[in-house]
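Notes follow the structure.
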Amino acid sequence: MLPLLFLAVITGASEGHLTVGFFVYLIVATALFAVVVLFLTPYLTKWFFKRSNNEGTTEFNFVLAILFVAGAISLFVGLEPIIGAFLAGLALNRYIYDHGPLMNRIRFTANALFIPFFLLSVGMLMDLGVLISSPKTLLTIALITIVAIGSKLLASWVTSKVYGYSKTERNVIFGLSTTHAAATLAITLVGYEFGLFDQQIINAVIIVILVTCILGPYLCEKYGRKLAVAQDKESLDDTLPERILITITNSDTIESLLDLGFVLKKAKKTEEPIYPLTVIQKDLKQADHEVAQAERMLGHALTYASGADVPVRLLTRVDHNIGWGIERAATEERITTIIVGWDGSVKESQKVFGRVIDNFLEHTYQRSLITTIKHPLNTMERVILILPNNIVHKPGFEDSIAIIKDIVSQLNATIQGLVIRDDLEAYRKASEQVHPNVEVEFQSIDCWNSVYKNGLNDIKSTDLVILLSARKGTVAWHPELETLPKKLASMNLENFIVFYPTEMKETDIRGSRGTEIPKELLLKSDYES
């Protein structure tokens, strides 16, 4: 906001209004404007929302009215509308729930209307002819870009020296602060309108916006991952009861899924029942027949579990989206482990497993096991555990290793760990600290291709392959994890599990939830470095 206030002074100077009266007017008008927006708007908002009866259209129109009125008043005061919009957002912030329908409407309007028009207007300002017209133009663009990025780099360097930050922390600060966008363009446009800047400056600023908006997120993602690896892991919440949810969609896989649930139940030493779930994708008023079929299928699960003397609680959900049904059931029943069967089918259009499984993996934090098991679990003689780079730093790593070692103990099998380009000693140390006392033979693998050529070249029907995977956007995620399940399926592996450890619950991610943004911006080579 400070450069925008300076811009008002510069604008006044360009018009010959730089007098004492001008400064008094600017200071008084700005102060009154801020007081009105920040203090009057909350009272007006509370009064309005109490009488709106949660009418979505009316509340949305009220927010837009506050936005446009604040922008118009800021113009009258002599400031840029972006200041009014910013102050309006501060005033309305506490009255609009982050997950509510009103915020959803605001985000939709911004993503579908305002942001595209902003980007379109920016593109129309650029004159490619001027951009390449002379060496002087290119020099101007280079100098402005270097100054814009260099000043942020200098600021982050000074800050890191003052507070004793590491090189990685300094680079994260630089990435967070280097981007230029709306405010920079607003200043430039006003300067252009008053003849302070020419077309060369406009082009240079647009290039700066483009370069910094690519550079900033890239640096944050790259060095943020390194910073996360260097920090101590948070402990998982162990106050929740250990409850296992098994989604059943096919009667042929009921027994294999339940067997895995029985083994996990013993591994977690829980007295809670197992929760077999069937989600019916149908309209609620037309699902009677499908519900009856689901109850018959779940009846077979009840019979099989009774034979093993394992208590169960049958669940049936009707939802337009199967992934949402699984997510809702996991939340309502306080589930800690989700087991889902996968037929291994590989389609060009699907992302990892398919729309249903990918959807619930993206929106849940619970421990999840995606399974393809074609032989009885008790016939397994060897477990091959694939461990991606940095997986040892995940909060749920020790918990996952303890479960896998317990499964190996129950099956009287051996276990071999394939560590992808990482420190073997860290994995040995972490494994030795968790029970049961099962020896894991760790082996270093130099690259992912070696996993397929050497690690999995002699797989038998009595081998169980477990990939300890990571959700996208976490410290252990690697692009190879997107395609690895398909590759395992194409190798005709008969028994494998993709194991997603428990994630820490999200605390405050305002600004990203509900907005489709890339979860990773790095090149594949960055994950190998």
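Identifiers in the structure tokens: chain A, B, ... in order shown; residue index from 1 per chain; ligand index from 1 in order shown.
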Alpha helix (DSSP H) call set, DSSP backbone run, range 242-413 of chain A, as a ChimeraX atom specification | /A:254-267,288-307,322-332,355-362,397-411
Which residues, written as a ChimeraX atom specification, have at least one atom at most 8 Å from range 203-212 of chain A, with only C-alpha atoms counted and residues fewer than 6 positions away on the same chain left out?
-> /A:122,125-127,131,140-142,144-145,148-149,178-181,184-185,188
File of the preceding selection, N, CA and C atoms, as a short mmCIF file (atom, residue, chain, number, x, y, z; two decimals), in the first residue's frame:
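Wrote it out as selection.cif, contents follow:
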data_model
loop_
_atom_site.label_atom_id
_atom_site.label_comp_id
_atom_site.auth_asym_id
_atom_site.auth_seq_id
_atom_site.Cartn_x
_atom_site.Cartn_y
_atom_site.Cartn_z
N VAL A 122 -3.91 -7.45 -19.32
CA VAL A 122 -2.45 -7.36 -19.29
C VAL A 122 -1.86 -7.73 -20.64
N LEU A 125 -2.07 -5.04 -23.28
CA LEU A 125 -1.22 -3.86 -23.11
C LEU A 125 0.13 -4.02 -23.80
N MET A 126 0.53 -5.24 -24.03
CA MET A 126 1.88 -5.49 -24.54
C MET A 126 1.95 -5.24 -26.05
N ASP A 127 3.02 -4.61 -26.45
CA ASP A 127 3.28 -4.34 -27.86
C ASP A 127 4.56 -5.07 -28.24
N LEU A 131 8.71 -4.30 -28.22
CA LEU A 131 9.55 -5.18 -27.40
C LEU A 131 10.85 -5.53 -28.11
N THR A 140 16.44 -1.97 -21.47
CA THR A 140 15.52 -1.45 -20.45
C THR A 140 14.80 -2.60 -19.73
N ILE A 141 14.32 -3.56 -20.51
CA ILE A 141 13.62 -4.70 -19.91
C ILE A 141 14.56 -5.49 -19.00
N ALA A 142 15.79 -5.71 -19.47
CA ALA A 142 16.76 -6.47 -18.67
C ALA A 142 17.08 -5.74 -17.37
N ILE A 144 15.27 -3.43 -15.69
CA ILE A 144 14.13 -3.42 -14.76
C ILE A 144 13.95 -4.79 -14.13
N THR A 145 14.11 -5.85 -14.91
CA THR A 145 13.96 -7.21 -14.38
C THR A 145 15.04 -7.49 -13.35
N ALA A 148 14.27 -5.47 -10.17
CA ALA A 148 13.11 -6.01 -9.44
C ALA A 148 13.46 -7.28 -8.69
N ILE A 149 14.19 -8.18 -9.35
CA ILE A 149 14.56 -9.43 -8.70
C ILE A 149 15.73 -9.23 -7.75
N THR A 178 9.50 -12.38 -4.00
CA THR A 178 9.97 -11.86 -5.29
C THR A 178 8.87 -11.61 -6.30
N THR A 179 7.70 -12.21 -6.14
CA THR A 179 6.66 -12.09 -7.17
C THR A 179 6.08 -10.67 -7.20
N HIS A 180 5.80 -10.19 -8.41
CA HIS A 180 5.14 -8.91 -8.65
C HIS A 180 3.90 -9.17 -9.49
N ALA A 181 2.80 -8.50 -9.16
CA ALA A 181 1.58 -8.72 -9.95
C ALA A 181 0.71 -7.48 -9.95
N THR A 184 1.95 -3.88 -8.77
CA THR A 184 2.99 -3.39 -9.69
C THR A 184 2.38 -2.89 -10.98
N LEU A 185 1.45 -3.65 -11.52
CA LEU A 185 0.81 -3.25 -12.77
C LEU A 185 -0.04 -1.99 -12.59
N THR A 188 2.20 0.99 -12.59
CA THR A 188 2.72 1.24 -13.93
C THR A 188 1.67 1.87 -14.83
#
Which one is closest to Pro311 in chain A: A:Ile274, A:Leu154, A:Val340, A:Ala426? Count only C-alpha atoms.
->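 Closest to Pro311 in chain A of all the choices is A:Ile274.
What separates CA of Phe118 in chain A from CA of Val190 in chain A is a distance of 15.5 Å.
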Using only C-alpha atoms, which residue out of A:Ile106, A:Val172, A:Leu67, A:Ala413 lies closest to Lys222 in chain A?
->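 Using only C-alpha atoms, Lys222 in chain A sits closest to A:Val172.
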Name the closest residue to Ile322 in chain A among the candidates A:Ile27, A:Ala301, A:Ile357, A:Ala470; distances are taken between atoms, counting only C-alpha atoms.
-> A:Ile357
For Val130 in chain A: contacts at 8 Å, only C-alpha atoms, fewer than 5 positions along chain excluded, given as a PyMOL selection string | chain A and resi 137+199-200
Keeping only C-alpha atoms, write those residues as a short mmCIF file (atom, residue, chain, number, x, y, z; two decimals), in the first residue's frame.
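Now in part03.cif:
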data_model
loop_
_atom_site.label_atom_id
_atom_site.label_comp_id
_atom_site.auth_asym_id
_atom_site.auth_seq_id
_atom_site.Cartn_x
_atom_site.Cartn_y
_atom_site.Cartn_z
CA THR A 137 14.30 -1.63 -25.38
CA GLN A 199 5.37 1.68 -23.82
CA GLN A 200 8.84 0.28 -23.15
#
Proximity to Ile10 in chain A - best of A:Phe262, A:Tyr365, A:Phe86, A:Phe194, only C-alpha atoms = A:Phe194
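Compared by their closest atoms to Gly261 in chain A, and using only C-alpha atoms, the residues A:Leu369, A:Phe23, A:Pro135, A:Ile214 rank with A:Leu369 nearest.
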What is the CA of Ala305 in chain A to CA of Pro273 in chain A distance in Å?
->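 CA of Ala305 in chain A sits 10.0 Å away from CA of Pro273 in chain A.
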Mind giving me the straight-line distance from CA of Lys486 in chain A to CA of Phe353 in chain A in Å, one decimal?
-> 7.6 Å
